[in-house]
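Q: Below you'll find run-v4.txt; it's compact mmCIF, C-alpha atoms.
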```
# COMPACT_ATOMS: atom_id res chain seq x y z
CA MET A 1 -72.99 -41.21 -43.63
CA LYS A 2 -71.56 -39.81 -40.40
CA LYS A 3 -71.68 -43.25 -38.76
CA SER A 4 -69.86 -44.92 -41.63
CA TYR A 5 -67.22 -42.17 -41.54
CA ILE A 6 -66.65 -42.76 -37.81
CA LEU A 7 -66.47 -46.51 -38.48
CA TYR A 8 -63.95 -45.91 -41.27
CA VAL A 9 -61.77 -43.78 -38.96
CA LEU A 10 -62.01 -46.41 -36.23
CA VAL A 11 -61.00 -49.23 -38.61
CA LEU A 12 -58.12 -47.09 -39.87
CA LEU A 13 -56.92 -46.36 -36.33
CA ILE A 14 -57.19 -50.00 -35.25
CA SER A 15 -55.45 -51.26 -38.37
CA THR A 16 -52.70 -48.66 -37.90
CA PHE A 17 -52.23 -49.86 -34.32
CA CYS A 18 -52.25 -53.52 -35.43
CA PHE A 19 -49.69 -52.78 -38.14
CA ARG A 20 -47.44 -51.06 -35.62
CA ALA A 21 -47.93 -53.93 -33.18
CA SER A 22 -47.05 -56.53 -35.81
CA ALA A 23 -44.09 -54.51 -37.05
CA TYR A 24 -42.60 -54.68 -33.57
CA ALA A 25 -43.87 -58.14 -32.64
CA GLN A 26 -40.53 -59.78 -33.35
CA GLN A 27 -38.46 -57.75 -30.95
CA LYS A 28 -35.64 -59.06 -28.84
CA ILE A 29 -35.88 -57.84 -25.27
CA GLU A 30 -33.48 -59.19 -22.67
CA GLN A 31 -32.92 -58.42 -19.04
CA GLU A 32 -30.05 -59.96 -17.16
CA MET A 33 -29.09 -59.71 -13.49
CA ASP A 34 -25.97 -60.71 -11.57
CA VAL A 35 -26.44 -63.88 -9.53
CA GLU A 36 -24.35 -65.32 -6.75
CA ILE A 37 -22.73 -68.64 -7.54
CA ASN A 38 -24.71 -70.38 -4.79
CA GLU A 39 -27.94 -69.52 -6.64
CA VAL A 40 -26.79 -71.27 -9.83
CA PRO A 41 -28.10 -74.84 -10.38
CA ALA A 42 -25.52 -77.52 -9.50
CA ASN A 43 -25.63 -79.09 -13.00
CA ALA A 44 -24.65 -75.80 -14.59
CA LYS A 45 -21.75 -75.32 -12.16
CA ASP A 46 -20.59 -78.90 -12.86
CA PHE A 47 -20.58 -78.26 -16.60
CA ILE A 48 -18.36 -75.21 -16.13
CA LYS A 49 -16.05 -77.19 -13.79
CA ASN A 50 -15.69 -79.88 -16.47
CA LEU A 51 -14.68 -77.45 -19.21
CA PRO A 52 -11.28 -78.31 -20.69
CA PHE A 53 -9.91 -74.95 -19.51
CA ARG A 54 -9.86 -73.17 -16.15
CA ILE A 55 -12.01 -70.07 -16.07
CA LYS A 56 -13.99 -68.06 -13.56
CA PRO A 57 -17.22 -67.01 -15.22
CA ASN A 58 -19.59 -64.20 -14.37
CA TRP A 59 -23.03 -65.63 -13.73
CA PHE A 60 -26.25 -63.95 -14.85
CA TYR A 61 -29.93 -64.70 -14.56
CA GLU A 62 -31.58 -63.80 -17.83
CA ILE A 63 -35.19 -63.04 -18.60
CA ASN A 64 -36.20 -62.80 -22.23
CA GLU A 65 -39.28 -63.21 -24.40
CA VAL A 66 -38.78 -67.02 -24.43
CA GLY A 67 -38.29 -67.60 -20.71
CA HIS A 68 -35.74 -67.57 -17.90
CA SER A 69 -32.23 -68.97 -17.93
CA TYR A 70 -28.80 -68.86 -16.30
CA GLU A 71 -25.83 -67.71 -18.27
CA ALA A 72 -22.10 -68.06 -17.63
CA LYS A 73 -19.99 -65.50 -19.46
CA PHE A 74 -16.21 -65.50 -19.62
CA LYS A 75 -13.26 -64.68 -21.82
CA TYR A 76 -10.82 -67.35 -22.90
CA LYS A 77 -7.97 -66.83 -25.36
CA LYS A 78 -9.38 -63.41 -26.32
CA ARG A 79 -12.80 -64.86 -27.19
CA LEU A 80 -16.01 -64.21 -25.29
CA TYR A 81 -17.95 -67.32 -24.36
CA SER A 82 -21.55 -67.40 -23.27
CA ILE A 83 -22.98 -70.67 -21.97
CA GLU A 84 -26.70 -70.79 -21.33
CA PHE A 85 -28.56 -73.20 -19.07
CA ASP A 86 -32.22 -73.60 -18.27
CA THR A 87 -33.45 -73.06 -14.71
CA THR A 88 -32.73 -76.72 -13.84
CA GLY A 89 -29.14 -76.37 -15.02
CA ARG A 90 -29.54 -78.27 -18.31
CA LEU A 91 -27.30 -76.94 -21.06
CA LEU A 92 -29.15 -74.95 -23.72
CA ASP A 93 -26.36 -73.68 -25.94
CA VAL A 94 -22.83 -72.34 -26.11
CA GLU A 95 -21.99 -69.15 -27.98
CA ILE A 96 -18.47 -68.16 -28.96
CA GLN A 97 -17.77 -64.68 -30.22
CA LEU A 98 -16.00 -64.60 -33.56
CA THR A 99 -14.72 -62.08 -36.02
CA LYS A 100 -15.52 -61.99 -39.75
CA ARG A 101 -12.14 -63.59 -40.44
CA ASP A 102 -13.14 -66.71 -38.53
CA ILE A 103 -15.96 -67.43 -40.95
CA ASP A 104 -15.40 -69.32 -44.17
CA LYS A 105 -15.16 -66.88 -47.12
CA LYS A 106 -17.94 -68.53 -49.12
CA MET A 107 -20.23 -68.52 -46.10
CA MET A 108 -19.44 -64.85 -45.41
CA GLN A 109 -20.31 -64.00 -49.02
CA GLN A 110 -23.68 -65.69 -48.58
CA ILE A 111 -24.29 -63.76 -45.37
CA ASP A 112 -23.33 -60.50 -47.06
CA THR A 113 -25.65 -61.28 -49.98
CA TYR A 114 -28.53 -61.77 -47.54
CA PHE A 115 -27.80 -58.46 -45.79
CA GLN A 116 -27.54 -56.66 -49.13
CA SER A 117 -30.97 -57.96 -50.09
CA GLU A 118 -32.45 -57.02 -46.73
CA PHE A 119 -30.90 -53.59 -46.08
CA SER A 120 -29.89 -50.62 -48.19
CA SER A 121 -26.80 -50.25 -45.99
CA TYR A 122 -25.50 -52.24 -43.04
CA SER A 123 -22.62 -52.85 -40.68
CA ILE A 124 -21.99 -56.10 -38.86
CA GLY A 125 -21.67 -55.81 -35.09
CA LYS A 126 -21.32 -59.03 -33.14
CA ILE A 127 -20.85 -62.53 -34.60
CA GLN A 128 -21.32 -65.63 -32.47
CA LEU A 129 -20.95 -69.28 -33.34
CA GLN A 130 -23.71 -71.26 -31.68
CA LEU A 131 -23.03 -74.80 -30.48
CA GLY A 132 -25.67 -77.23 -29.34
CA GLY A 133 -26.17 -80.90 -28.65
CA ASP A 134 -25.07 -83.46 -26.12
CA GLU A 135 -23.22 -82.00 -23.10
CA ASP A 136 -20.34 -84.49 -23.27
CA ALA A 137 -19.88 -83.92 -26.98
CA ILE A 138 -19.79 -80.15 -26.42
CA LEU A 139 -17.22 -80.52 -23.64
CA LYS A 140 -15.06 -82.57 -26.00
CA GLY A 141 -15.69 -80.12 -28.85
CA LEU A 142 -14.60 -77.14 -26.76
CA ASN A 143 -11.28 -78.88 -26.20
CA LYS A 144 -10.48 -78.44 -29.89
CA VAL A 145 -9.44 -75.33 -31.76
CA LEU A 146 -12.35 -73.43 -33.26
CA LYS A 147 -12.03 -74.79 -36.80
CA LYS A 148 -11.93 -78.39 -35.59
CA ILE A 149 -15.12 -78.27 -33.54
CA PRO A 150 -17.25 -81.13 -34.97
CA SER A 151 -19.73 -79.85 -37.53
CA GLU A 152 -22.64 -81.69 -35.89
CA LEU A 153 -22.25 -79.41 -32.85
CA GLN A 154 -22.18 -76.22 -34.92
CA GLN A 155 -25.74 -75.05 -35.21
CA GLY A 156 -25.21 -71.70 -36.87
CA TYR A 157 -24.11 -68.10 -36.60
CA GLU A 158 -25.94 -65.46 -34.61
CA ILE A 159 -25.10 -62.09 -36.08
CA VAL A 160 -26.04 -58.63 -34.81
CA VAL A 161 -26.27 -56.21 -37.70
CA ASN A 162 -27.09 -52.51 -37.84
CA GLY A 163 -29.21 -52.35 -40.95
CA LYS A 164 -30.78 -49.45 -42.78
CA LYS A 165 -34.42 -49.95 -43.69
CA SER A 166 -36.92 -47.23 -44.57
CA ASN A 167 -34.16 -44.59 -44.30
CA TYR A 168 -33.12 -45.30 -40.75
CA TYR A 169 -30.88 -47.77 -38.97
CA GLN A 170 -32.06 -50.43 -36.56
CA PRO A 171 -30.17 -53.29 -34.91
CA PHE A 172 -31.24 -56.82 -35.83
CA GLU A 173 -30.21 -60.26 -34.69
CA VAL A 174 -30.09 -62.72 -37.56
CA PHE A 175 -29.55 -66.45 -37.19
CA PHE A 176 -27.90 -68.29 -40.09
CA ASP A 177 -27.63 -72.07 -40.27
CA MET A 178 -24.34 -73.64 -41.28
CA SER A 179 -25.35 -73.56 -44.93
CA GLY A 180 -25.65 -69.75 -44.77
CA LYS A 181 -29.45 -69.66 -44.86
CA ALA A 182 -31.08 -67.01 -42.68
CA LEU A 183 -33.52 -68.81 -40.39
CA SER A 184 -34.70 -65.89 -38.28
CA ILE A 185 -34.44 -62.13 -38.06
CA VAL A 186 -35.39 -60.29 -34.89
CA GLN A 187 -35.26 -56.56 -34.27
CA ILE A 188 -33.31 -55.66 -31.14
CA LYS A 189 -34.88 -53.08 -28.89
CA LEU A 190 -32.17 -50.59 -28.00
CA ARG A 191 -32.34 -49.27 -24.48
CA ASN A 192 -33.03 -45.61 -24.01
CA THR A 193 -29.88 -43.48 -23.64
CA ASP A 194 -31.41 -40.00 -23.37
CA HIS A 195 -29.85 -39.66 -19.91
CA LEU A 196 -26.41 -39.97 -21.50
CA GLU A 197 -27.07 -37.47 -24.25
CA TYR A 198 -28.48 -34.50 -22.30
CA MET B 199 -29.84 -28.40 -8.64
CA PRO B 200 -33.08 -30.16 -9.65
CA ASP B 201 -33.23 -30.88 -13.36
CA ILE B 202 -36.04 -32.33 -15.46
CA SER B 203 -35.38 -33.54 -19.00
CA ILE B 204 -38.39 -34.56 -21.07
CA ASN B 205 -37.89 -36.20 -24.45
CA LYS B 206 -40.55 -36.77 -27.05
CA ARG B 207 -39.79 -39.09 -29.96
CA LEU B 208 -41.47 -37.77 -33.08
CA ASN B 209 -40.40 -40.76 -35.19
CA GLU B 210 -37.42 -43.09 -35.53
CA VAL B 211 -35.12 -40.21 -36.45
CA TRP B 212 -36.38 -36.99 -34.86
CA LYS B 213 -37.01 -36.15 -31.23
CA VAL B 214 -37.38 -33.03 -29.13
CA ASN B 215 -36.05 -32.31 -25.67
CA LEU B 216 -37.37 -29.94 -23.05
CA GLY B 217 -35.09 -29.27 -20.10
CA ILE B 218 -35.90 -27.37 -16.93
CA GLU B 219 -33.15 -26.78 -14.40
CA ASN B 220 -33.26 -24.82 -11.18
CA ARG B 221 -30.33 -23.85 -9.01
CA ILE B 222 -30.77 -23.26 -5.33
CA ASN B 223 -27.74 -21.94 -3.43
CA HIS B 224 -27.17 -23.27 0.08
CA PHE B 225 -23.68 -22.40 1.15
CA ASP B 226 -20.93 -20.11 -0.12
CA THR B 227 -17.73 -22.16 -0.07
CA ASN B 228 -15.68 -19.01 -0.81
CA ASN B 229 -16.89 -17.48 2.42
CA ILE B 230 -16.37 -20.05 5.12
CA ASN B 231 -18.07 -17.89 7.74
CA SER B 232 -21.28 -17.63 5.81
CA ASN B 233 -24.36 -19.28 7.26
CA PHE B 234 -26.23 -22.12 5.67
CA SER B 235 -29.16 -20.58 3.88
CA THR B 236 -31.32 -21.39 0.92
CA ASN B 237 -31.50 -18.85 -1.89
CA TYR B 238 -33.04 -19.29 -5.27
CA GLY B 239 -30.34 -18.94 -7.93
CA LEU B 240 -31.66 -19.33 -11.42
CA THR B 241 -33.91 -21.26 -13.76
CA ASP B 242 -32.90 -22.59 -17.17
CA ILE B 243 -35.46 -23.68 -19.73
CA SER B 244 -34.07 -25.30 -22.85
CA PHE B 245 -35.57 -26.73 -26.00
CA LEU B 246 -33.57 -28.90 -28.36
CA VAL B 247 -34.44 -30.60 -31.63
CA SER B 248 -32.50 -33.78 -32.25
CA ARG B 249 -31.85 -35.77 -35.38
CA LYS B 250 -30.47 -39.28 -35.08
CA TRP B 251 -27.80 -40.41 -37.53
CA LYS B 252 -27.12 -44.14 -37.79
CA LEU B 253 -27.59 -45.82 -34.40
CA ASN B 254 -25.18 -44.00 -32.16
CA TYR B 255 -24.96 -40.43 -33.35
CA SER B 256 -27.25 -37.46 -32.99
CA PHE B 257 -27.20 -33.81 -33.96
CA ASN B 258 -29.05 -31.35 -31.74
CA ALA B 259 -29.77 -27.69 -32.00
CA GLY B 260 -31.79 -25.48 -29.75
CA TYR B 261 -32.25 -22.54 -27.48
CA LEU B 262 -31.97 -21.97 -23.75
CA ILE B 263 -33.43 -19.16 -21.75
CA ARG B 264 -32.05 -18.39 -18.29
CA PHE B 265 -33.88 -16.39 -15.65
CA GLU B 266 -31.36 -15.03 -13.18
CA ASP B 267 -31.41 -11.89 -11.01
CA SER B 268 -34.37 -10.46 -12.93
CA GLN B 269 -32.36 -10.81 -16.13
CA ARG B 270 -33.18 -12.90 -19.15
CA ILE B 271 -30.16 -14.59 -20.68
CA ASN B 272 -30.31 -16.24 -24.09
CA ARG B 273 -28.24 -19.13 -25.37
CA PHE B 274 -28.14 -20.88 -28.74
CA ILE B 275 -26.89 -24.45 -28.59
CA GLN B 276 -25.47 -26.81 -31.22
CA GLN B 277 -24.62 -30.30 -30.08
CA PHE B 278 -23.30 -33.59 -31.45
CA THR B 279 -23.42 -36.77 -29.38
CA ILE B 280 -22.02 -40.26 -29.75
CA VAL B 281 -23.22 -43.15 -27.61
CA ASP B 282 -20.98 -46.22 -27.45
CA ARG B 283 -22.64 -49.35 -26.08
CA LEU B 284 -19.91 -51.73 -25.02
CA TYR B 285 -20.01 -55.15 -23.37
CA ARG B 286 -20.29 -53.93 -19.79
CA TYR B 287 -20.15 -50.15 -20.04
CA THR B 288 -21.79 -47.41 -22.00
CA PHE B 289 -19.89 -44.28 -22.93
CA SER B 290 -21.16 -41.07 -24.39
CA HIS B 291 -19.29 -38.18 -25.96
CA ARG B 292 -20.98 -34.82 -26.25
CA PHE B 293 -19.54 -31.93 -28.25
CA VAL B 294 -21.30 -28.61 -27.78
CA THR B 295 -20.86 -25.09 -29.08
CA ASP B 296 -23.04 -22.37 -27.63
CA GLN B 297 -23.45 -18.63 -27.75
CA THR B 298 -24.74 -16.82 -24.66
CA PHE B 299 -25.95 -13.23 -24.60
CA ILE B 300 -28.19 -10.75 -22.87
CA ASN B 301 -27.90 -8.42 -25.80
CA THR B 302 -25.99 -8.93 -29.03
CA ASP B 303 -23.14 -6.57 -27.99
CA ASN B 304 -21.66 -9.00 -25.53
CA ILE B 305 -21.65 -12.63 -26.61
CA THR B 306 -19.93 -15.46 -24.75
CA TYR B 307 -18.82 -18.34 -26.94
CA ARG B 308 -18.24 -21.74 -25.41
CA LEU B 309 -16.85 -25.00 -26.74
CA ARG B 310 -17.58 -28.00 -24.56
CA TYR B 311 -16.67 -31.67 -24.54
CA ARG B 312 -18.27 -34.09 -22.11
CA PHE B 313 -17.40 -37.74 -21.62
CA VAL B 314 -19.87 -39.87 -19.67
CA PHE B 315 -19.23 -43.34 -18.32
CA GLU B 316 -22.14 -45.51 -17.23
CA ARG B 317 -22.14 -48.94 -15.63
CA ALA B 318 -25.04 -51.01 -14.39
CA LEU B 319 -24.70 -52.05 -10.77
CA SER B 320 -26.24 -55.42 -11.65
CA GLY B 321 -25.89 -57.30 -14.92
CA LEU B 322 -24.25 -56.07 -18.08
CA LYS B 323 -26.57 -53.21 -18.95
CA VAL B 324 -29.02 -50.95 -17.17
CA ASP B 325 -32.39 -52.66 -17.09
CA THR B 326 -35.68 -51.57 -15.55
CA LYS B 327 -35.66 -51.31 -11.75
CA GLU B 328 -31.88 -51.38 -11.60
CA TRP B 329 -29.34 -48.96 -10.18
CA TYR B 330 -26.42 -47.63 -12.15
CA LEU B 331 -23.33 -45.51 -11.74
CA LYS B 332 -22.79 -42.56 -14.04
CA VAL B 333 -19.77 -40.27 -14.09
CA GLY B 334 -19.48 -37.26 -16.36
CA ASN B 335 -16.33 -35.29 -17.12
CA GLU B 336 -16.59 -32.06 -19.00
CA VAL B 337 -14.09 -29.52 -20.26
CA LEU B 338 -15.34 -26.10 -21.32
CA THR B 339 -13.48 -23.34 -23.07
CA LEU B 340 -15.05 -19.90 -22.89
CA TYR B 341 -14.36 -16.88 -25.00
CA GLU B 342 -15.70 -13.57 -23.74
CA ASP B 343 -14.45 -9.97 -24.07
CA GLN B 344 -11.40 -11.23 -25.99
CA LEU B 345 -10.47 -13.42 -23.04
CA LEU B 346 -10.17 -17.16 -23.14
CA ASP B 347 -10.89 -19.29 -20.09
CA LEU B 348 -11.20 -22.89 -19.10
CA GLU B 349 -13.57 -24.77 -16.84
CA TYR B 350 -13.69 -28.39 -15.73
CA ARG B 351 -16.70 -30.25 -14.35
CA ILE B 352 -16.99 -33.68 -12.84
CA THR B 353 -20.43 -35.12 -12.17
CA PRO B 354 -20.57 -38.48 -10.40
CA SER B 355 -24.09 -39.77 -9.79
CA ILE B 356 -26.10 -42.81 -8.85
CA GLY B 357 -29.13 -43.47 -11.00
CA TYR B 358 -32.19 -45.66 -10.84
CA ALA B 359 -34.09 -46.85 -13.91
CA ILE B 360 -37.76 -46.68 -12.91
CA SER B 361 -38.44 -47.91 -16.43
CA ASP B 362 -36.55 -47.76 -19.71
CA ALA B 363 -38.13 -44.37 -20.34
CA SER B 364 -37.83 -42.90 -16.85
CA LYS B 365 -34.61 -42.53 -14.88
CA ILE B 366 -33.76 -40.59 -11.77
CA GLU B 367 -30.23 -39.62 -10.75
CA PHE B 368 -28.71 -38.25 -7.55
CA GLY B 369 -25.23 -36.82 -7.60
CA ILE B 370 -22.71 -34.07 -7.25
CA ASP B 371 -21.70 -31.52 -9.84
CA THR B 372 -18.26 -30.12 -9.05
CA ARG B 373 -17.03 -27.20 -11.13
CA PHE B 374 -13.53 -25.75 -11.30
CA LYS B 375 -13.83 -22.34 -12.87
CA SER B 376 -11.45 -19.67 -14.18
CA ILE B 377 -8.58 -22.11 -14.46
CA VAL B 378 -6.61 -20.01 -16.97
CA HIS B 379 -6.77 -16.68 -15.11
CA ASN B 380 -5.71 -17.95 -11.69
CA GLU B 381 -8.94 -16.60 -10.20
CA PHE B 382 -9.76 -20.10 -9.25
CA GLU B 383 -13.38 -20.70 -8.32
CA PHE B 384 -14.83 -23.88 -6.98
CA GLU B 385 -18.51 -24.79 -7.02
CA ASN B 386 -20.22 -27.83 -5.67
CA TRP B 387 -23.83 -28.66 -6.44
CA LEU B 388 -26.03 -31.47 -5.30
CA THR B 389 -28.03 -32.70 -8.27
CA ILE B 390 -31.32 -34.48 -8.76
CA ASN B 391 -32.07 -35.25 -12.40
CA TRP B 392 -35.15 -36.86 -13.82
CA PHE B 393 -35.14 -38.04 -17.43
CA PHE B 394 -38.42 -38.98 -18.99
CA SER B 395 -39.08 -40.08 -22.57
CA PHE B 396 -42.28 -40.82 -24.39
```
Could you render the structure as structure tokens?

A:
Amino acid sequence: MKKSYILYVLVLLISTFCFRASAYAQQKIEQEMDVEINEVPANAKDFIKNLPFRIKPNWFYEINEVGHSYEAKFKYKKRLYSIEFDTTGRLLDVEIQLTKRDIDKKMMQQIDTYFQSEFSSYSIGKIQLQLGGDEDAILKGLNKVLKKIPSELQQGYEIVVNGKKSNYYQPFEVFFDMSGKALSIVQIKLRNTDHLEY
Amino acid sequence: MPDISINKRLNEVWKVNLGIENRINHFDTNNINSNFSTNYGLTDISFLVSRKWKLNYSFNAGYLIRFEDSQRINRFIQQFTIVDRLYRYTFSHRFVTDQTFINTDNITYRLRYRFVFERALSGLKVDTKEWYLKVGNEVLTLYEDQLLDLEYRITPSIGYAISDASKIEFGIDTRFKSIVHNEFEFENWLTINWFFSF
């Protein structure tokens, strides 16, 4: 009897741990560091040089749960751009920060409907349009105004939302395809700010 | 002025904070002829209970006990903090009211506002094993014996994130006291702060 009780407690403890582990398995953790321009792969620098506008980006080396990459971040015409390359300098994707007003009304309604079903309350933080595909096509696409970027380059919207679940708020990153379907939802791990509060 | 701040998260909403601060006097700036010597000043032990609201806000309430010159000084603290995570900087706003007394006949009331600016010295945010700059500005109003006074503090420091949960900071705490009554006092402290969360 005593043995089975101990076993029961052990199973309970392990399953509790496993549940906690799985609940946090899909967490977004990123670390980025400044890099000097001479450390950036030549292909990535060439891509930035060939952009249809003159900018001077800040370069970062990023480590996340998927792998390592280089990222060029800059502001152009009041929009934040983030262009990500793999460690060989091959283009991975381009992200352009948007506001709610930039998104088609019908699409925004679909996004809101998803958030309403997922959270009891929410507020949208950051919205980014993600572009992907052939490097030349992207360079041409970036030459156009936002609404005229070819649809085949537009892969979806990456949205950071502060959502209320189980009576508390957590930040999530949700990726919607261009039809408004949520393809992934990842909880963002907020960094500790106790040193700013006390 | 060595300071230890230990935070224990009870769940996603509640946490507790234990703070221990010692002050060691080295040099009296008001008396230029005084010798450099080390004298124990005081010890503060504080305990705060904190409730998070949404992602960026928290309410705190607690008690501080100060041991100084064989006296025991009591302080009740109520605090509200806002943490703003921006693209490259993090700001925090702290609003505090507190009541300090040795006995209930003579209570000092204070109203404090502190603004803290933090910037990672590499990358966009403070990651593990990275240095950061933190500058605090605080304005205090004091009400004691029917007299109102004002104090200003500036606390620049350099911090190092040993991990997300453990940060150490080295800095200066400069205090301009008795601003209203023209009995201007100036204090300068060297600070070492360690913040640890679990």

Q: For a quick test of understanding: name the residues of chain A lying within 9 Å of chain B when counting all atoms listed in the file, and present them as a compact mmCIF listing (two decimals) with C-alpha atoms, in the frame of the given file.

A:
```txt
# COMPACT_ATOMS: atom_id res chain seq x y z
CA GLU A 30 -33.48 -59.19 -22.67
CA GLN A 31 -32.92 -58.42 -19.04
CA GLU A 32 -30.05 -59.96 -17.16
CA MET A 33 -29.09 -59.71 -13.49
CA ASP A 34 -25.97 -60.71 -11.57
CA VAL A 35 -26.44 -63.88 -9.53
CA TRP A 59 -23.03 -65.63 -13.73
CA PHE A 60 -26.25 -63.95 -14.85
CA TYR A 61 -29.93 -64.70 -14.56
CA ASN A 162 -27.09 -52.51 -37.84
CA LYS A 164 -30.78 -49.45 -42.78
CA TYR A 168 -33.12 -45.30 -40.75
CA TYR A 169 -30.88 -47.77 -38.97
CA GLN A 170 -32.06 -50.43 -36.56
CA PRO A 171 -30.17 -53.29 -34.91
CA ARG A 191 -32.34 -49.27 -24.48
CA ASN A 192 -33.03 -45.61 -24.01
CA THR A 193 -29.88 -43.48 -23.64
CA ASP A 194 -31.41 -40.00 -23.37
CA HIS A 195 -29.85 -39.66 -19.91
CA LEU A 196 -26.41 -39.97 -21.50
CA GLU A 197 -27.07 -37.47 -24.25
CA TYR A 198 -28.48 -34.50 -22.30
```

Q: Need the shell around His379 of chain B: protein/DNA/RNA residues with any atom at most 12 Å away, counting all atoms listed in the file. Skip same-chain ones fewer than 3 positions apart. Format as a short mmCIF file (atom, residue, chain, number, x, y, z; two decimals) with C-alpha atoms, in the frame of the given file?

A:
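Result file out.cif:
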```cif
data_model
loop_
_atom_site.label_atom_id
_atom_site.label_comp_id
_atom_site.auth_asym_id
_atom_site.auth_seq_id
_atom_site.Cartn_x
_atom_site.Cartn_y
_atom_site.Cartn_z
CA LEU B 340 -15.05 -19.90 -22.89
CA LEU B 345 -10.47 -13.42 -23.04
CA LEU B 346 -10.17 -17.16 -23.14
CA ASP B 347 -10.89 -19.29 -20.09
CA LEU B 348 -11.20 -22.89 -19.10
CA GLU B 349 -13.57 -24.77 -16.84
CA PHE B 374 -13.53 -25.75 -11.30
CA LYS B 375 -13.83 -22.34 -12.87
CA SER B 376 -11.45 -19.67 -14.18
CA PHE B 382 -9.76 -20.10 -9.25
CA GLU B 383 -13.38 -20.70 -8.32
#
```

Q: Pick the closest to Tyr307 of chain B from B:Phe274, B:Tyr238, B:Trp387, B:Phe265: which is it, counting only C-alpha atoms?

A: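 Among the listed residues, B:Phe274 lies closest to Tyr307 of chain B.
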
Q: Show me the residues around (-22.0, -20.2, -30.0) - criterion: an atom at most 9 Å away, all atoms listed in the file counted - as a PDB file with C-alpha atoms, keeping the file's coordinate frame.

A:
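Dumped to point.pdb:
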```
ATOM      1  CA  ARG B 273     -28.240 -19.130 -25.370  1.00  0.00           C
ATOM      2  CA  PHE B 274     -28.140 -20.880 -28.740  1.00  0.00           C
ATOM      3  CA  ILE B 275     -26.890 -24.450 -28.590  1.00  0.00           C
ATOM      4  CA  GLN B 276     -25.470 -26.810 -31.220  1.00  0.00           C
ATOM      5  CA  VAL B 294     -21.300 -28.610 -27.780  1.00  0.00           C
ATOM      6  CA  THR B 295     -20.860 -25.090 -29.080  1.00  0.00           C
ATOM      7  CA  ASP B 296     -23.040 -22.370 -27.630  1.00  0.00           C
ATOM      8  CA  GLN B 297     -23.450 -18.630 -27.750  1.00  0.00           C
ATOM      9  CA  THR B 298     -24.740 -16.820 -24.660  1.00  0.00           C
ATOM     10  CA  ILE B 305     -21.650 -12.630 -26.610  1.00  0.00           C
ATOM     11  CA  THR B 306     -19.930 -15.460 -24.750  1.00  0.00           C
ATOM     12  CA  TYR B 307     -18.820 -18.340 -26.940  1.00  0.00           C
ATOM     13  CA  ARG B 308     -18.240 -21.740 -25.410  1.00  0.00           C
ATOM     14  CA  LEU B 309     -16.850 -25.000 -26.740  1.00  0.00           C
TER      15      LEU B 309
END
```

Q: Would you pick out the contacts of Phe176 of chain A at 6 Å or less, using all atoms listed in the file, so that residues sharing its chain but fewer than 5 positions from it are not included, and give the list as a list in words?

A: Gly156, Tyr157, Lys181, Ala182 and Leu183 of chain A

Q: Residues within 9 Å of Pro354 of chain B, please, as a PyMOL selection string. Count only C-alpha atoms; anything in the same chain fewer than 5 positions from it doesn't count.

A: chain B and resi 331-335+368-372

Q: Could you add the missing atoms to segment 75-85 of chain A, up to N, CA and C atoms, and return them as a PDB file, in the frame of the given file?

A:
```
ATOM      1  N   LYS A  75     -14.165 -64.905 -20.692  1.00  0.00           N
ATOM      2  CA  LYS A  75     -13.260 -64.680 -21.820  1.00  0.00           C
ATOM      3  C   LYS A  75     -12.167 -65.727 -21.742  1.00  0.00           C
ATOM      4  N   TYR A  76     -11.904 -66.364 -22.855  1.00  0.00           N
ATOM      5  CA  TYR A  76     -10.820 -67.350 -22.900  1.00  0.00           C
ATOM      6  C   TYR A  76     -10.100 -67.199 -24.233  1.00  0.00           C
ATOM      7  N   LYS A  77      -8.802 -67.058 -24.166  1.00  0.00           N
ATOM      8  CA  LYS A  77      -7.970 -66.830 -25.360  1.00  0.00           C
ATOM      9  C   LYS A  77      -8.563 -65.741 -26.252  1.00  0.00           C
ATOM     10  N   LYS A  78      -8.880 -64.622 -25.653  1.00  0.00           N
ATOM     11  CA  LYS A  78      -9.380 -63.410 -26.320  1.00  0.00           C
ATOM     12  C   LYS A  78     -10.767 -63.574 -26.963  1.00  0.00           C
ATOM     13  N   ARG A  79     -11.448 -64.688 -26.659  1.00  0.00           N
ATOM     14  CA  ARG A  79     -12.800 -64.860 -27.190  1.00  0.00           C
ATOM     15  C   ARG A  79     -13.801 -64.850 -26.040  1.00  0.00           C
ATOM     16  N   LEU A  80     -14.947 -64.225 -26.306  1.00  0.00           N
ATOM     17  CA  LEU A  80     -16.010 -64.210 -25.290  1.00  0.00           C
ATOM     18  C   LEU A  80     -16.876 -65.453 -25.458  1.00  0.00           C
ATOM     19  N   TYR A  81     -17.107 -66.134 -24.361  1.00  0.00           N
ATOM     20  CA  TYR A  81     -17.950 -67.320 -24.360  1.00  0.00           C
ATOM     21  C   TYR A  81     -19.199 -67.015 -23.540  1.00  0.00           C
ATOM     22  N   SER A  82     -20.299 -67.551 -24.006  1.00  0.00           N
ATOM     23  CA  SER A  82     -21.550 -67.400 -23.270  1.00  0.00           C
ATOM     24  C   SER A  82     -22.229 -68.772 -23.259  1.00  0.00           C
ATOM     25  N   ILE A  83     -22.391 -69.324 -22.073  1.00  0.00           N
ATOM     26  CA  ILE A  83     -22.980 -70.670 -21.970  1.00  0.00           C
ATOM     27  C   ILE A  83     -24.300 -70.555 -21.217  1.00  0.00           C
ATOM     28  N   GLU A  84     -25.360 -70.993 -21.884  1.00  0.00           N
ATOM     29  CA  GLU A  84     -26.700 -70.790 -21.330  1.00  0.00           C
ATOM     30  C   GLU A  84     -27.304 -72.105 -20.851  1.00  0.00           C
ATOM     31  N   PHE A  85     -27.923 -72.025 -19.675  1.00  0.00           N
ATOM     32  CA  PHE A  85     -28.560 -73.200 -19.070  1.00  0.00           C
ATOM     33  C   PHE A  85     -30.009 -72.847 -18.737  1.00  0.00           C
TER      34      PHE A  85
END
```
